[in-house]
Amino acid sequence: MPTKYKIIIISIISLSLYVSVYGIEHTPTKTDNQDKTTELGEVVISSSRRIIREDSLIVIPSDNQRKVSRNGFDLLRGIMLPGIRVNTISGEVSTSDGQKTIVLKDGRPIGQQDILALRPKEVARVEYTQNPGAEYGYDPTIGAVINFIMKERTNGYAVGLQTSNAVTTLNGQNFAFGKYTISNSEFGISIDSRYTSLKQRRIDDNDSYIIGNDWIEVTRKGINTPLKYTQNTFQLGYNNYVQRKHIFDITFQGVFYNSPERSHRQYVIESGRTPFYQLTSPYEKYLSPSLSLYYKKYLKGKSTLTFNFYAGYRNTDYKYHLTESNQEDFSNPLFQSGYTTDGKRQSYITEIRYYNPLNGKIGINTGIRGSYSYTRNIYTGETAYSDNMKETNLYTYLGVFGWLFKKQFYYYAALGASGNNMRINEKHHSRWLFRPEVTFIFFKNGWRFSLGADVSQNTPSLSQMADTELNLNRYESIQGNPDLRNWWSYRLLSRITGKLDFFSIQNVISYDSSISPVMEYVYSRNNGSTPLVCSFINQKRMSVFSEDFSIYIPLFSGTSLSSGFSFKSYQSRGHSYTMNLNVWNFNLSADWTNGRWAAGISWRTREKSLFGETTKTTGAYNNVYISYNVGQFQFGLMAQHLFCKNGPVFTDDTSDTLIRKKESVLVPAHGNMLMLAISWNFSKGKQRKETNIDMNNRDEESGILKYQ
């Protein structure tokens, strides 16, 4: 039997173990904010209360966890959701396999600013869903949904300041927010400023190109070069909530990004040439305002009708310039190449959903989501290009769900359809795909057995489809392909849930396979500015078999431990190659709280992944923190990348019949980095109502073909 079929069978029939201390309640239950205490002999363990509800996990944070957390990121790290990674420095939340995690506040999609402004003391519970369902089927990269449910609010206000800055280099974030609540309305404002100014950053490259019948060997040794960027985000919001009648929410956001120094210098040793210096100079600046309108109407029973409209604009200035010189100051150029891009993009998204639980044995949810975008990117360089892109997407679904056999069997089944219509300059194509999804969960004696499968449609990025070619160096250029097509993928997953003494473990087995995915390919030519071209094409298949295990242990009062490992088997099949990669990874996190003090540590090994002919490797990660609360202030000290002289090292390793490349990005300024964090929060009143807003519509695409 072929290996791929063995993997599919294993992923369906394997008993993936997800055993937890979560409480074993799986019927709808009214929750509170009290701690759950478990006695084990003479040891008393106090931890967050955890409840299983349908296909979701509900976590009620302990008083200690709320007290020592200064924002939503800290709280998520403290409650240790299985399969979720939280980087409290960068403000990133993702699944352990790298998929997107949608974060909601009372059901409303929120970004980093809202998570920073979230006050943990006002959190009633956290709802965590690992199977987002057909509602999020428009984006196959969404792997989980986290929803902060807040306590009931009264009239009042809240203001806060948070600052987190490195003391070993110029890197940090400063954030301020204010909220005012009166009657059924809440007004909010926030400002977020992030910056980096590094003097120690370098990129090493070892490349081989086949020109004719000969290999050209090129070694580019990186020289430390400054890196600077700033990102400032301003946000205004208004929310009106009348219990069991309606919710109206409007949010305006403006983002300004500027990276004036992203260059890197290299000393180059090349076959048949005198050694020389190379300067690669990318530059990017953009302005992106957006507006989101949301309205939910509560109907009879527990049914709801929801509407969301999003409008966004992005103006991007991007430049790329390459200079070769026999002098380190580049005063006497031997070769120059480059281009500038003026990019403008506007996008509009509208979504409508209807939800009705009916009689409990069967309920329905249905919706439709449409988006339209227009992108115009003008490239100026050795030659002039212009990309005019119009894209229309439509996604609709109908799902049924409910309980059977005295609430021992829960099911969810949906059928969706997605269509994409793309026009790039004079080329046009469209495609439709049906999208079935099904999940079965069986409860028996405190155990939960789950099986699921779904089909999704994937769309190439606009930059991959750009009708443009750009030179990267003397030997290679990058080229878009407007003839790319959408592709489909399917996923099979199994999970079992239960209880073992006082600790919880999770083991998830899944198999993902993409049919005709868009991946890179390289071809040679006799005419053109470069002999080799890196472009994109629909290849044959890309599949990943994944085994992910984690364990959560509340050791004693105020202390918890989380650890785990994962195994991933990648297989990439192109038209002219087959590549395989097997990877093991390990991780460990621990948190401790005692009165006003809190401390924690997290660590994980280097991670590898394969896509196409490129293997990507991330740097090993470690993080240690300690904090102290006094009054309305919290002071913290954090260290990351300890014992890493060169900081985290990221590598891309490409193996092709025409090109072999290995690139290593080193940031010594991030090695042994210490950060000082200070936050201040003051409020009167509880500030929030318990509402339910459940849509996530944003567009951050630029469509520009970039290099670094």
# chains A, B, ... in the order shown; residues from 1 in each chain; ligands from 1

call {"tool": "residues_around", "arguments": {"residues": "region 385-395 of chain A", "least_positions_apart": "5", "cutoff": "6 Å", "atoms": "only C-alpha atoms", "output": "ChimeraX atom specification"}}
result
/A:368-379,417-425

call {"tool": "residues_around", "arguments": {"residues": "Leu116 (chain A)", "least_positions_apart": "3", "cutoff": "6 Å", "atoms": "only C-alpha atoms", "output": "NGL selection string"}}
result
:A and (71-72 or 113)

call {"tool": "closest_residue", "arguments": {"among": "A:Asn87, A:Ser96, A:Ser303, A:Ser627", "to": "Thr593 (chain A)", "atoms": "only C-alpha atoms"}}
result
A:Ser627

call {"tool": "residues_around", "arguments": {"residues": "Leu666 (chain A)", "least_positions_apart": "5", "cutoff": "7 Å", "atoms": "only C-alpha atoms", "output": "PyMOL selection string"}}
result
chain A and resi 201-203+646-650

call {"tool": "select_by_dssp", "arguments": {"residues": "region 21-266 of chain A", "states": "alpha helix (DSSP H)", "output": "list in words"}}
result
Asp63, Asn64, Gln65, Arg66, Lys67, Val68, Gly72, Phe73, Asp74, Leu75, Leu76, Arg77, Gly78, Ile79, Gln112, Gln113, Asp114, Ile115, Leu116 and Ala117 of chain A

call {"tool": "write_last_selection", "arguments": {"atoms": "all heavy atoms", "output": "compact mmCIF listing (two decimals), in the first residue's frame"}}
result
# COMPACT_ATOMS: atom_id res chain seq x y z
N ASP A 63 -8.14 34.04 40.03
CA ASP A 63 -7.91 35.41 40.49
C ASP A 63 -6.44 35.78 40.35
O ASP A 63 -6.10 36.91 39.99
CB ASP A 63 -8.36 35.56 41.94
CG ASP A 63 -9.87 35.52 42.08
OD1 ASP A 63 -10.56 35.77 41.06
OD2 ASP A 63 -10.37 35.24 43.18
N ASN A 64 -5.54 34.83 40.64
CA ASN A 64 -4.10 35.09 40.51
C ASN A 64 -3.72 35.39 39.07
O ASN A 64 -2.94 36.29 38.77
CB ASN A 64 -3.30 33.89 41.01
CG ASN A 64 -2.81 34.09 42.44
OD1 ASN A 64 -2.83 35.21 42.94
ND2 ASN A 64 -2.42 33.01 43.08
N GLN A 65 -4.27 34.60 38.14
CA GLN A 65 -3.95 34.80 36.73
C GLN A 65 -4.41 36.17 36.25
O GLN A 65 -3.74 36.83 35.47
CB GLN A 65 -4.58 33.69 35.89
CG GLN A 65 -3.91 32.34 36.07
CD GLN A 65 -4.66 31.20 35.44
OE1 GLN A 65 -5.89 31.27 35.26
NE2 GLN A 65 -3.96 30.13 35.11
N ARG A 66 -5.58 36.61 36.72
CA ARG A 66 -6.05 37.94 36.34
C ARG A 66 -5.17 39.03 36.96
O ARG A 66 -4.86 40.04 36.32
CB ARG A 66 -7.50 38.14 36.80
CG ARG A 66 -8.53 37.27 36.10
CD ARG A 66 -9.92 37.72 36.49
NE ARG A 66 -10.97 36.92 35.90
CZ ARG A 66 -11.58 35.91 36.50
NH1 ARG A 66 -11.21 35.58 37.73
NH2 ARG A 66 -12.52 35.23 35.89
N LYS A 67 -4.78 38.83 38.18
CA LYS A 67 -4.07 39.87 38.94
C LYS A 67 -2.69 40.17 38.37
O LYS A 67 -2.27 41.34 38.29
CB LYS A 67 -3.94 39.44 40.40
CG LYS A 67 -3.29 40.48 41.30
CD LYS A 67 -3.27 40.01 42.74
CE LYS A 67 -2.63 41.04 43.65
NZ LYS A 67 -2.61 40.59 45.06
N VAL A 68 -1.96 39.13 37.96
CA VAL A 68 -0.57 39.33 37.54
C VAL A 68 -0.44 39.59 36.04
O VAL A 68 0.66 39.84 35.55
CB VAL A 68 0.30 38.12 37.92
CG1 VAL A 68 0.28 37.89 39.42
CG2 VAL A 68 -0.17 36.86 37.19
N GLY A 72 -4.13 41.30 27.56
CA GLY A 72 -4.68 40.04 27.07
C GLY A 72 -3.62 39.02 26.69
O GLY A 72 -3.83 37.81 26.84
N PHE A 73 -2.47 39.49 26.18
CA PHE A 73 -1.41 38.55 25.82
C PHE A 73 -0.88 37.83 27.06
O PHE A 73 -0.64 36.62 27.04
CB PHE A 73 -0.27 39.29 25.12
CG PHE A 73 -0.63 39.82 23.77
CD1 PHE A 73 -0.69 41.19 23.53
CD2 PHE A 73 -0.91 38.97 22.71
CE1 PHE A 73 -1.02 41.69 22.29
CE2 PHE A 73 -1.25 39.45 21.46
CZ PHE A 73 -1.30 40.82 21.25
N ASP A 74 -0.67 38.58 28.15
CA ASP A 74 -0.20 37.96 29.39
C ASP A 74 -1.20 36.92 29.89
O ASP A 74 -0.82 35.84 30.35
CB ASP A 74 0.01 39.03 30.47
CG ASP A 74 1.21 39.91 30.19
OD1 ASP A 74 2.04 39.53 29.35
OD2 ASP A 74 1.32 40.98 30.81
N LEU A 75 -2.49 37.25 29.82
CA LEU A 75 -3.51 36.33 30.31
C LEU A 75 -3.55 35.06 29.47
O LEU A 75 -3.65 33.95 30.02
CB LEU A 75 -4.88 37.01 30.31
CG LEU A 75 -6.02 36.20 30.93
CD1 LEU A 75 -5.74 35.92 32.40
CD2 LEU A 75 -7.35 36.93 30.77
N LEU A 76 -3.45 35.18 28.15
CA LEU A 76 -3.45 33.99 27.30
C LEU A 76 -2.25 33.11 27.58
O LEU A 76 -2.36 31.88 27.60
CB LEU A 76 -3.44 34.41 25.82
CG LEU A 76 -4.75 34.94 25.24
CD1 LEU A 76 -4.56 35.33 23.79
CD2 LEU A 76 -5.86 33.92 25.37
N ARG A 77 -1.13 33.72 27.82
CA ARG A 77 0.05 32.91 28.15
C ARG A 77 -0.17 32.19 29.48
O ARG A 77 0.17 31.02 29.63
CB ARG A 77 1.28 33.79 28.22
CG ARG A 77 2.48 33.06 28.81
CD ARG A 77 3.76 33.83 28.71
NE ARG A 77 4.81 33.17 29.47
CZ ARG A 77 6.10 33.32 29.24
NH1 ARG A 77 6.51 34.10 28.26
NH2 ARG A 77 6.99 32.69 29.98
N GLY A 78 -0.77 32.87 30.45
CA GLY A 78 -0.94 32.29 31.77
C GLY A 78 -1.90 31.12 31.81
O GLY A 78 -1.68 30.15 32.55
N ILE A 79 -2.98 31.16 31.01
CA ILE A 79 -3.96 30.07 31.06
C ILE A 79 -3.56 28.89 30.18
O ILE A 79 -4.17 27.83 30.24
CB ILE A 79 -5.37 30.55 30.66
CG1 ILE A 79 -5.40 31.07 29.22
CG2 ILE A 79 -5.86 31.63 31.62
CD1 ILE A 79 -6.77 31.48 28.75
N GLN A 112 -4.06 43.72 17.77
CA GLN A 112 -3.09 43.80 18.85
C GLN A 112 -3.40 44.94 19.81
O GLN A 112 -3.22 44.81 21.02
CB GLN A 112 -1.69 43.95 18.27
CG GLN A 112 -1.17 42.71 17.57
CD GLN A 112 0.26 42.86 17.11
OE1 GLN A 112 0.80 43.96 17.05
NE2 GLN A 112 0.89 41.74 16.78
N GLN A 113 -3.88 46.08 19.27
CA GLN A 113 -4.16 47.21 20.15
C GLN A 113 -5.24 46.87 21.16
O GLN A 113 -5.15 47.21 22.35
CB GLN A 113 -4.58 48.43 19.33
CG GLN A 113 -3.40 49.11 18.66
CD GLN A 113 -3.81 50.37 17.96
OE1 GLN A 113 -4.15 50.34 16.80
NE2 GLN A 113 -3.77 51.48 18.66
N ASP A 114 -6.31 46.21 20.70
CA ASP A 114 -7.40 45.85 21.61
C ASP A 114 -6.96 44.82 22.64
O ASP A 114 -7.41 44.86 23.79
CB ASP A 114 -8.60 45.32 20.82
CG ASP A 114 -9.14 46.35 19.84
OD1 ASP A 114 -9.81 47.28 20.27
OD2 ASP A 114 -8.85 46.21 18.64
N ILE A 115 -6.09 43.89 22.22
CA ILE A 115 -5.61 42.88 23.17
C ILE A 115 -4.73 43.54 24.23
O ILE A 115 -4.78 43.19 25.41
CB ILE A 115 -4.85 41.77 22.44
CG1 ILE A 115 -5.74 41.11 21.38
CG2 ILE A 115 -4.36 40.71 23.42
CD1 ILE A 115 -5.04 40.10 20.51
N LEU A 116 -3.94 44.53 23.83
CA LEU A 116 -3.13 45.26 24.79
C LEU A 116 -4.00 46.07 25.75
O LEU A 116 -3.67 46.22 26.93
CB LEU A 116 -2.15 46.19 24.06
CG LEU A 116 -0.96 45.54 23.36
CD1 LEU A 116 -0.26 46.54 22.46
CD2 LEU A 116 0.01 44.97 24.38
N ALA A 117 -5.11 46.60 25.23
CA ALA A 117 -5.99 47.42 26.06
C ALA A 117 -6.91 46.59 26.95
O ALA A 117 -7.57 47.13 27.84
CB ALA A 117 -6.83 48.35 25.18

call {"tool": "closest_residue", "arguments": {"among": "A:Pro226, A:Gly143, A:Gly452, A:Pro61", "to": "Val126 (chain A)", "atoms": "only C-alpha atoms"}}
result
A:Pro61

call {"tool": "closest_residue", "arguments": {"among": "A:Lys616, A:Arg125, A:Gly137, A:Phe556", "to": "Asp454 (chain A)", "atoms": "only C-alpha atoms"}}
result
A:Gly137

call {"tool": "closest_atom_pairs", "arguments": {"of": "region 431-495 of chain A", "to": "region 215-220 of chain A", "cutoff": "12 Å", "atoms": "only C-alpha atoms", "output": "Markdown table"}}
result
| residue | atom | partner | partner_atom | distance |
| --- | --- | --- | --- | --- |
| A:Asn473 | CA | A:Val218 | CA | 11.4 |
| A:Arg474 | CA | A:Val218 | CA | 11.2 |
| A:Tyr475 | CA | A:Ile216 | CA | 9.4 |

call {"tool": "closest_residue", "arguments": {"among": "A:Gly631, A:Ile509, A:Asn527, A:Asn171", "to": "Lys568 (chain A)", "atoms": "only C-alpha atoms"}}
result
A:Ile509

call {"tool": "residues_around", "arguments": {"residues": "Leu676 (chain A)", "least_positions_apart": "4", "cutoff": "9 Å", "atoms": "only C-alpha atoms", "output": "MDAnalysis selection string"}}
result
chainID A and resid 163:167 635:639

call {"tool": "closest_residue", "arguments": {"among": "A:Ile515, A:Ile496, A:Cys644, A:Ala134", "to": "Thr366 (chain A)", "atoms": "only C-alpha atoms"}}
result
A:Ala134

call {"tool": "select_by_dssp", "arguments": {"residues": "region 408-616 of chain A", "states": "strand (DSSP E or B)", "output": "PyMOL selection string"}}
result
chain A and resi 409-424+427-444+447-458+469-471+476-479+487-498+500+503-515+518-524+532-538+541-556+559-573+578-594+597-604+608-611+614-616

call {"tool": "closest_residue", "arguments": {"among": "A:Asn174, A:Gln327, A:Tyr490, A:Thr439", "to": "Asn131 (chain A)", "atoms": "only C-alpha atoms"}}
result
A:Thr439

call {"tool": "residues_around", "arguments": {"residues": "Tyr298 (chain A)", "least_positions_apart": "4", "cutoff": "10 Å", "atoms": "only C-alpha atoms", "output": "list of chain:residue names"}}
result
A:Val242, A:Gln243, A:Arg244, A:Lys245, A:His246, A:Ile247, A:Lys302, A:Ser303, A:Thr304, A:Leu305, A:Thr306, A:Tyr355

call {"tool": "closest_atom_pairs", "arguments": {"of": "region 492-543 of chain A", "to": "region 479-485 of chain A", "cutoff": "9 Å", "atoms": "only C-alpha atoms", "output": "JSON lines"}}
result
{"residue": "A:Ser516", "atom": "CA", "partner": "A:Arg485", "partner_atom": "CA", "distance": 8.6}
{"residue": "A:Pro517", "atom": "CA", "partner": "A:Arg485", "partner_atom": "CA", "distance": 8.7}
{"residue": "A:Val518", "atom": "CA", "partner": "A:Leu484", "partner_atom": "CA", "distance": 7.3}
{"residue": "A:Val533", "atom": "CA", "partner": "A:Gln479", "partner_atom": "CA", "distance": 6.8}
{"residue": "A:Cys534", "atom": "CA", "partner": "A:Gln479", "partner_atom": "CA", "distance": 6.2}
{"residue": "A:Ser535", "atom": "CA", "partner": "A:Gln479", "partner_atom": "CA", "distance": 4.9}
{"residue": "A:Phe536", "atom": "CA", "partner": "A:Asn481", "partner_atom": "CA", "distance": 6.2}
{"residue": "A:Ile537", "atom": "CA", "partner": "A:Leu484", "partner_atom": "CA", "distance": 6.3}
{"residue": "A:Asn538", "atom": "CA", "partner": "A:Leu484", "partner_atom": "CA", "distance": 6.5}

call {"tool": "atom_distance", "arguments": {"atom1": "CA of Gly98 (chain A)", "atom2": "CA of Arg85 (chain A)"}}
result
8.9 Å
